[in-house]
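Visitor: Hey, dropping start.cif in here, mmCIF, C-alpha atoms:
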```
data_protein
loop_
_atom_site.group_PDB
_atom_site.id
_atom_site.type_symbol
_atom_site.label_atom_id
_atom_site.label_comp_id
_atom_site.auth_asym_id
_atom_site.auth_seq_id
_atom_site.Cartn_x
_atom_site.Cartn_y
_atom_site.Cartn_z
ATOM 1 C CA MET U 1489 0.000 0.000 0.000
ATOM 2 C CA ASP U 1490 1.389 3.373 -1.038
ATOM 3 C CA LYS U 1491 0.205 5.522 1.854
ATOM 4 C CA GLN U 1492 1.220 8.812 0.274
ATOM 5 C CA ALA U 1493 -0.635 8.086 -2.967
ATOM 6 C CA ILE U 1494 -3.760 7.114 -1.046
ATOM 7 C CA LEU U 1495 -3.419 10.194 1.170
ATOM 8 C CA GLU U 1496 -3.385 12.427 -1.913
ATOM 9 C CA LYS U 1497 -6.612 10.779 -3.094
ATOM 10 C CA VAL U 1498 -8.110 11.247 0.375
ATOM 11 C CA LYS U 1499 -7.140 14.930 0.394
ATOM 12 C CA ALA U 1500 -8.902 15.401 -2.949
ATOM 13 C CA ARG U 1501 -12.109 14.119 -1.351
ATOM 14 C CA ILE U 1502 -12.050 16.142 1.865
ATOM 15 C CA GLY U 1503 -15.046 18.429 2.039
ATOM 16 C CA ALA U 1504 -15.455 21.982 3.274
ATOM 17 C CA ASP U 1505 -16.009 20.572 6.776
ATOM 18 C CA GLY U 1506 -12.484 19.122 6.737
ATOM 19 C CA LYS U 1507 -13.741 15.529 6.661
ATOM 20 C CA ILE U 1508 -14.000 12.705 4.157
ATOM 21 C CA SER U 1509 -17.401 11.045 4.056
ATOM 22 C CA CYS U 1510 -17.707 7.445 5.134
ATOM 23 C CA GLU U 1511 -19.049 6.529 1.698
ATOM 24 C CA GLN U 1512 -16.070 8.134 -0.065
ATOM 25 C CA ALA U 1513 -13.598 6.457 2.280
ATOM 26 C CA MET U 1514 -15.234 3.073 1.662
ATOM 27 C CA LYS U 1515 -15.180 3.556 -2.117
ATOM 28 C CA LEU U 1516 -11.547 4.636 -2.038
ATOM 29 C CA ALA U 1517 -10.591 1.636 0.127
ATOM 30 C CA ASP U 1518 -12.344 -0.673 -2.358
ATOM 31 C CA ALA U 1519 -10.646 1.017 -5.329
ATOM 32 C CA GLU U 1520 -7.234 0.721 -3.661
ATOM 33 C CA GLY U 1521 -7.828 -2.898 -2.648
ATOM 34 C CA ILE U 1522 -7.374 -2.268 1.076
ATOM 35 C CA SER U 1523 -9.614 -3.150 3.978
ATOM 36 C CA TYR U 1524 -11.811 -0.586 5.702
ATOM 37 C CA GLY U 1525 -9.742 -1.167 8.831
ATOM 38 C CA ASP U 1526 -6.528 -0.316 6.960
ATOM 39 C CA MET U 1527 -8.190 2.779 5.526
ATOM 40 C CA GLY U 1528 -9.318 3.771 9.016
ATOM 41 C CA ASP U 1529 -5.783 3.295 10.325
ATOM 42 C CA LEU U 1530 -4.422 5.465 7.524
ATOM 43 C CA LEU U 1531 -7.024 8.165 8.201
ATOM 44 C CA ASN U 1532 -6.154 8.093 11.893
ATOM 45 C CA GLU U 1533 -2.424 8.208 11.166
ATOM 46 C CA PHE U 1534 -2.875 11.371 9.109
ATOM 47 C CA GLU U 1535 -5.559 12.758 11.455
ATOM 48 C CA VAL U 1536 -8.285 12.846 8.807
ATOM 49 C CA LYS U 1537 -11.794 12.853 10.268
ATOM 50 C CA VAL U 1538 -14.644 10.753 8.855
ATOM 51 C CA GLY U 1539 -18.016 12.406 8.528
ATOM 52 C CA ALA U 1540 -21.473 11.284 7.422
ATOM 53 C CA CYS U 1541 -20.803 7.889 8.962
ATOM 54 C CA GLN U 1542 -22.997 5.047 7.800
ATOM 55 C CA LEU U 1543 -21.791 1.752 9.210
ATOM 56 C CA HIS U 1544 -19.151 2.588 11.836
ATOM 57 C CA CYS U 1545 -16.700 0.429 9.901
ATOM 58 C CA PHE U 1546 -13.693 2.688 10.424
ATOM 59 C CA PRO U 1547 -11.789 2.568 13.707
ATOM 60 C CA ASN U 1548 -11.931 6.352 13.900
ATOM 61 C CA PRO U 1549 -13.105 8.366 16.907
ATOM 62 C CA VAL U 1550 -15.447 10.453 14.760
ATOM 63 C CA CYS U 1551 -16.897 7.371 13.098
ATOM 64 C CA SER U 1552 -17.320 5.258 16.220
ATOM 65 C CA PRO U 1553 -20.769 4.664 17.656
ATOM 66 C CA PRO U 1554 -21.519 6.426 20.931
ATOM 67 C CA LYS U 1555 -20.464 4.570 24.061
ATOM 68 C CA LYS U 1556 -23.284 3.307 26.271
#
```
Show the structure stored in the file as structure tokens.
Guide:
Amino acid sequence: MDKQAILEKVKARIGADGKISCEQAMKLADAEGISYGDMGDLLNEFEVKVGACQLHCFPNPVCSPPKK
């Protein structure tokens, strides 16, 4: 996995709110052939927030379900 190349693609998808949507992150992970967990790790490593979360599939504080 070329982290820098993926990061550039992530940056191109970051919205005005400074986040990448869950859907976009999932599509990019699929296109790059990496797991959602690996994508979540990469997003965390580069401190990219996930917004508009759908499935809580990224291990990302913003994307995690609320604690009970």
Visitor: Tell me, in Å to one decimal, how far atom CA of U:Asp1526 is from atom CA of U:Ala1504.
Guide: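 So the two atoms, atom CA of U:Asp1526 and atom CA of U:Ala1504, lie 24.3 Å apart.
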Visitor: Have a look at atom CA of U:Glu1535 and atom CA of U:Ala1519 and let me know their distance in Å, one decimal.
Guide: 21.1 Å
Visitor: Near U:Ala1493, counting only C-alpha atoms, which residues have an atom at most 12 Å away, once you skip same-chain residues fewer than 6 positions from it, shown as a list in words?
Guide: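 Near neighbours after the sequence-gap exclusion: Lys1499, Ala1500, Leu1516, Glu1520 and Leu1530 of chain U.
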Visitor: For this structure, which residues satisfy the selection - the PyMOL selection byres ((chain U and resi 1490) around 12) - when it is evaluated on the file as given? I want them as a ChimeraX atom specification.
Guide: /U:1489,1491-1497,1520-1522,1526-1527,1530
Visitor: One decimal, in Å: what's the spacing between atom CA of U:Ser1523 and atom CA of U:Asp1505?
Guide: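 Separation between atom CA of U:Ser1523 and atom CA of U:Asp1505: 24.7 Å.
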Visitor: Counting all atoms listed in the file, what is within 10 Å of U:Gln1512, bar same-chain residues fewer than 5 positions away, as a list in words?
Guide: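 That gives Val1498, Arg1501, Ile1502, Ala1517, Asp1518, Val1538, Gly1539 and Ala1540 of chain U.
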